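Participant: Pasting a structure here, questions to come.
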Amino acid sequence: MSKQSIIPKTVTEYDLRLLRIFRTVVENGGFAAAETELGVTRSTISVHMSNLESRMKLKLCSRGRGGFALTEAGQAVYHACIELFDSLNNFSMFVNNLGEELIGELVILCADQLDHTMQQKLAQVIAYIHRRQPQLHLILDGEALHHIEKSLLQDKAHVGLLPSYQQIEGLNYRTIFSEPIYLCCSAQHPYFHLTDHEISAEMLAKTHSIHPGVDIDPDGREQLKRLNLSAKAYQFDTRKTLILSGCYLGYLPLSYIQQELKAKQMKIIHADEASYQFNLSMVSKHSARETAKVELLMAAFNEVFALGEVG
């Protein structure tokens with residue numbers, strides 16, 4: 001074997017560009033599906049892939065009537081691509097954390113729709129961040145609970161706002177807001193014109209009611225055991241819709257039903273006995289990659305929600 005053949009080839013910027021295209025093609029399942037994300041035609045993608053195979057002296061994939069498929073070498077190169085670009089991202093995050101000025105994205109994910117109070121509070125958090133690091137590209141979005149937890153663990157999000165329903169290893173939880181959650185019915189429900197004294201535990205056990213869609217805290221679970229759970233709605237707005245139909249009872253936080261209570265469109269049933277606390281947690285990853293960004297968010301939430309420093 002010649003000396004030249006065992007010297008590894010330097011990876012150029014052009015190689016990295018081709019590898020990024022290759023990874024996009026693989027993750028989209030073929031050339032046609034990757035067109036939109038890459039913003040180029042199939043024929044251009046084909047040329048790039050041929051150039052990559054030529055430069056690597058490897059057959060990476062087959063494309064034809066049988067569809068797109070990776071070769072054994074292609075699978076190995078794809079997995080190496082993931083490690084390569086993850087390493088580059090980690091290096092970038094490391095360098096960013098060394099400087100006083102943070103760059104890149106700052107991602108906050110919410111599991112619930114924001115009511116007026118929470119909108120105002122979160123707006124103050126955002127203003128705090130913008131005053132100190134205006135160059136950050138802020139992303140504020142809503143996602144399903146499991147997606148937020150996964151995004152935090154994978155360092156794809158910096159903070160999540162979740163109801164306190166479970167605690168996952170590797171994540172830190174801190175309650176930022178708490179309010180009572182009550183059993184409600186609408187004006188169209190038969191119980192609306194009954195007094196609490198007339199609504200017995202036996203009646204509640206037979207009445208169609210709504211499960212919140214997650215394994216809530218122990219106090220909430222005890223309340224749900226008393227009901228006939230025949231519908232499910234996690235989001236507060238969809239749960240309110242079911243309640244307003246007059247067909248179901250369901251639990252909602254007080255802040256979500258103030259307008260309906262005032263307009264006599266809904267009422268609370270057994271306020272003292274059929275209630276529990278709804279706790280909203282600020283969740284972040286333990287030992288997150290971009291610690292400076294998480295610390296900035298923590299400082300913002302501490303100030304706006306008057307949490308005080310973590311002991």
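Following the order of the structure tokens, first chain is A, next is B, and so on, with residues numbered from 1 inside each chain and ligands from 1 in the order they appear.
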Compile the contact shell of A:His270 as a list in words: residues with an atom at most 10 Å away, counting only C-alpha atoms, same-chain residues fewer than 4 positions apart removed.
Facilitator: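 In the requested form, the answer reads Tyr182, Leu183, Cys184, Thr195, Asp196, His197, Ile199, Ser200, Ala274 and Ser275 of chain A.
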Participant: Print the selection's residues with C-alpha atoms to a file, as a PDB file, in the first residue's frame.
Facilitator:
```pdb
ATOM      1  CA  TYR A 182     -62.427  23.653  39.299  1.00  0.00           C
ATOM      2  CA  LEU A 183     -65.081  21.230  38.109  1.00  0.00           C
ATOM      3  CA  CYS A 184     -67.391  23.117  35.732  1.00  0.00           C
ATOM      4  CA  THR A 195     -77.514  23.547  43.810  1.00  0.00           C
ATOM      5  CA  ASP A 196     -74.378  21.798  45.054  1.00  0.00           C
ATOM      6  CA  HIS A 197     -76.536  20.095  47.681  1.00  0.00           C
ATOM      7  CA  ILE A 199     -75.595  17.213  43.008  1.00  0.00           C
ATOM      8  CA  SER A 200     -74.514  14.066  44.867  1.00  0.00           C
ATOM      9  CA  ALA A 274     -64.069  19.261  43.682  1.00  0.00           C
ATOM     10  CA  SER A 275     -60.941  21.348  43.089  1.00  0.00           C
TER      11      SER A 275
END
```
Participant: Among stretch 94-186 of chain A, which residues does DSSP mark as alpha helix (DSSP H) when it is run on the backbone? Keep the chain and numbering as in the structure and answer as a ChimeraX atom specification.
Facilitator: /A:94-98,116-132,145-153
Participant: Would you kindly return, as a short mmCIF file (atom, residue, chain, number, x, y, z; two decimals) with C-alpha atoms, in the first residue's frame, each protein, DNA or RNA residue with an atom no farther than 12 Å from any atom of stretch 12-17 of chain A, considering only C-alpha atoms and excluding same-chain residues fewer than 6 positions away?
Facilitator:
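Wrote it out as result-v9.cif, contents follow:
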```cif
data_model
loop_
_atom_site.label_atom_id
_atom_site.label_comp_id
_atom_site.auth_asym_id
_atom_site.auth_seq_id
_atom_site.Cartn_x
_atom_site.Cartn_y
_atom_site.Cartn_z
CA ARG A 23 -28.08 14.21 4.88
CA THR A 24 -31.13 16.22 3.79
CA LEU A 38 -33.04 22.35 -0.38
CA ILE A 45 -29.46 17.29 -6.36
CA HIS A 48 -24.38 17.03 -6.19
CA MET A 49 -24.83 13.41 -5.11
CA ASN A 51 -20.04 14.61 -7.17
CA LEU A 52 -20.05 13.41 -3.55
CA GLU A 53 -19.84 9.76 -4.58
CA SER A 54 -17.03 10.59 -6.98
CA ARG A 55 -15.06 12.52 -4.36
CA MET A 56 -15.55 9.77 -1.75
CA CYS A 81 -22.57 12.85 9.03
CA ILE A 82 -24.81 13.08 12.07
CA LEU A 84 -19.84 15.32 12.33
CA PHE A 85 -22.50 18.03 12.27
CA LEU A 88 -19.69 21.21 14.74
#
```
Participant: Please identify which residues in stretch 89-142 of chain A DSSP calls strand (DSSP E or B) from the backbone, and express them as number ranges by chain.
Facilitator: A: 105-110, 137-142
Participant: Give me the residues within 12 Å of A:Glu169 as an MDAnalysis selection string, counting only C-alpha atoms and dropping any in the same chain fewer than 2 places off.
Facilitator: chainID A and resid 149:150 152:153 166:167 171:173 283:287
Participant: Can you tell me which residues surround A:Val26 at a distance of at most 10 Å, considering only C-alpha atoms, apart from same-chain residues fewer than 4 positions away, and format the answer as a list in words?
Facilitator: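 Once the adjacent positions are removed, what remains is Arg20, Ile21, Phe22, Gly30, Phe31, Ala33, Ala34, Cys61, Phe68, Ala69, Leu70, Gly74, Gln75 and Tyr78 of chain A.
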Participant: Neighbours of A:Leu227 within 12 Å (only C-alpha atoms; same-chain residues fewer than 4 positions away dropped), as a VMD selection string?
Facilitator: chain A and resid 183 200 to 211 220 to 223 231 248 to 251 274
Participant: Quick one, how far is atom CA of A:Ser62 from atom CA of A:Val77?
Facilitator: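 It comes out at 14.3 Å.
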Participant: Can you tell me which residues surround A:Met298 at a distance of at most 12 Å, considering only C-alpha atoms, apart from same-chain residues fewer than 4 positions away, and format the answer as a ChimeraX atom specification?
Facilitator: /A:108,125-126,128-129,158-160,172-174,176,282-285,291-294,302-310
Participant: Create the file for the chosen residues now, containing N, CA, C and O atoms and written as a compact mmCIF listing (two decimals), in the first residue's frame.
Facilitator:
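again25.txt written:
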```
# COMPACT_ATOMS: atom_id res chain seq x y z
N ILE A 108 -38.20 28.86 23.43
CA ILE A 108 -39.13 28.66 24.54
C ILE A 108 -40.36 27.94 23.98
O ILE A 108 -40.98 28.43 23.03
N VAL A 125 -40.94 38.68 30.14
CA VAL A 125 -39.75 37.84 30.03
C VAL A 125 -39.01 38.13 28.73
O VAL A 125 -37.78 38.29 28.69
N ILE A 126 -39.77 38.21 27.64
CA ILE A 126 -39.18 38.47 26.33
C ILE A 126 -38.53 39.85 26.29
O ILE A 126 -37.43 40.03 25.74
N TYR A 128 -37.28 41.48 28.81
CA TYR A 128 -36.06 41.37 29.61
C TYR A 128 -34.90 40.82 28.76
O TYR A 128 -33.79 41.35 28.77
N ILE A 129 -35.19 39.76 28.02
CA ILE A 129 -34.17 39.13 27.18
C ILE A 129 -33.73 40.07 26.06
O ILE A 129 -32.54 40.22 25.78
N HIS A 158 -34.55 25.52 24.94
CA HIS A 158 -33.84 25.95 26.15
C HIS A 158 -34.73 25.89 27.39
O HIS A 158 -34.24 25.55 28.47
N VAL A 159 -36.00 26.24 27.24
CA VAL A 159 -36.93 26.20 28.37
C VAL A 159 -38.30 25.76 27.85
O VAL A 159 -38.71 26.14 26.75
N GLY A 160 -38.99 24.97 28.66
CA GLY A 160 -40.36 24.60 28.36
C GLY A 160 -41.27 25.01 29.49
O GLY A 160 -40.85 25.01 30.67
N ASN A 172 -34.84 19.72 34.93
CA ASN A 172 -35.08 20.48 36.16
C ASN A 172 -36.44 21.16 36.09
O ASN A 172 -36.80 21.73 35.05
N TYR A 173 -37.20 21.12 37.19
CA TYR A 173 -38.55 21.69 37.23
C TYR A 173 -38.64 22.75 38.32
O TYR A 173 -38.15 22.55 39.43
N ARG A 174 -39.29 23.85 38.00
CA ARG A 174 -39.51 24.89 38.99
C ARG A 174 -40.88 25.51 38.77
O ARG A 174 -41.19 25.99 37.67
N ILE A 176 -43.63 28.12 38.51
CA ILE A 176 -43.63 29.57 38.33
C ILE A 176 -45.02 30.17 38.53
O ILE A 176 -45.16 31.39 38.68
N MET A 282 -41.51 25.80 34.98
CA MET A 282 -40.47 26.17 34.03
C MET A 282 -39.47 25.01 34.03
O MET A 282 -38.92 24.66 35.07
N VAL A 283 -39.27 24.41 32.87
CA VAL A 283 -38.47 23.19 32.78
C VAL A 283 -37.27 23.43 31.87
O VAL A 283 -37.38 24.01 30.79
N SER A 284 -36.10 22.97 32.32
CA SER A 284 -34.88 23.07 31.52
C SER A 284 -34.07 21.79 31.72
O SER A 284 -34.32 21.01 32.63
N LYS A 285 -33.12 21.60 30.85
CA LYS A 285 -32.28 20.39 30.93
C LYS A 285 -31.16 20.59 31.94
O LYS A 285 -30.54 21.64 32.01
N THR A 291 -25.52 26.73 28.28
CA THR A 291 -25.85 27.12 29.65
C THR A 291 -26.10 28.62 29.80
O THR A 291 -26.95 29.03 30.59
N ALA A 292 -25.36 29.43 29.05
CA ALA A 292 -25.52 30.89 29.18
C ALA A 292 -26.92 31.32 28.76
O ALA A 292 -27.51 32.22 29.38
N LYS A 293 -27.48 30.69 27.75
CA LYS A 293 -28.83 31.03 27.30
C LYS A 293 -29.87 30.60 28.33
O LYS A 293 -30.83 31.32 28.61
N VAL A 294 -29.67 29.42 28.90
CA VAL A 294 -30.60 28.93 29.92
C VAL A 294 -30.53 29.83 31.15
O VAL A 294 -31.56 30.17 31.75
N ASN A 302 -37.04 34.58 36.87
CA ASN A 302 -36.90 34.92 38.29
C ASN A 302 -37.39 36.34 38.57
O ASN A 302 -38.08 36.59 39.56
N GLU A 303 -37.03 37.27 37.68
CA GLU A 303 -37.41 38.67 37.90
C GLU A 303 -38.91 38.88 37.66
O GLU A 303 -39.60 39.51 38.48
N VAL A 304 -39.42 38.36 36.54
CA VAL A 304 -40.81 38.63 36.17
C VAL A 304 -41.79 37.93 37.10
O VAL A 304 -42.82 38.49 37.49
N PHE A 305 -41.48 36.68 37.49
CA PHE A 305 -42.39 35.91 38.34
C PHE A 305 -42.03 36.01 39.82
O PHE A 305 -42.63 35.33 40.66
N ALA A 306 -41.03 36.86 40.15
CA ALA A 306 -40.62 37.09 41.54
C ALA A 306 -40.34 35.76 42.25
O ALA A 306 -40.82 35.52 43.35
N LEU A 307 -39.53 34.92 41.60
CA LEU A 307 -39.26 33.60 42.15
C LEU A 307 -38.13 33.63 43.19
O LEU A 307 -38.06 32.78 44.06
N GLY A 308 -37.23 34.60 43.04
CA GLY A 308 -36.06 34.58 43.91
C GLY A 308 -35.04 33.62 43.33
O GLY A 308 -35.31 32.85 42.42
N GLU A 309 -33.87 33.63 43.86
CA GLU A 309 -32.79 32.76 43.37
C GLU A 309 -33.00 31.34 43.89
O GLU A 309 -33.52 31.11 44.95
N VAL A 310 -32.52 30.39 43.06
CA VAL A 310 -32.62 28.97 43.45
C VAL A 310 -31.62 28.72 44.57
O VAL A 310 -30.44 29.07 44.46
```
Participant: Choose the residue, out of A:Ile216, A:Thr238, A:Arg42, A:Glu83, that has the smallest atom-to-atom separation from A:Ile181; count only C-alpha atoms.
Facilitator: A:Ile216
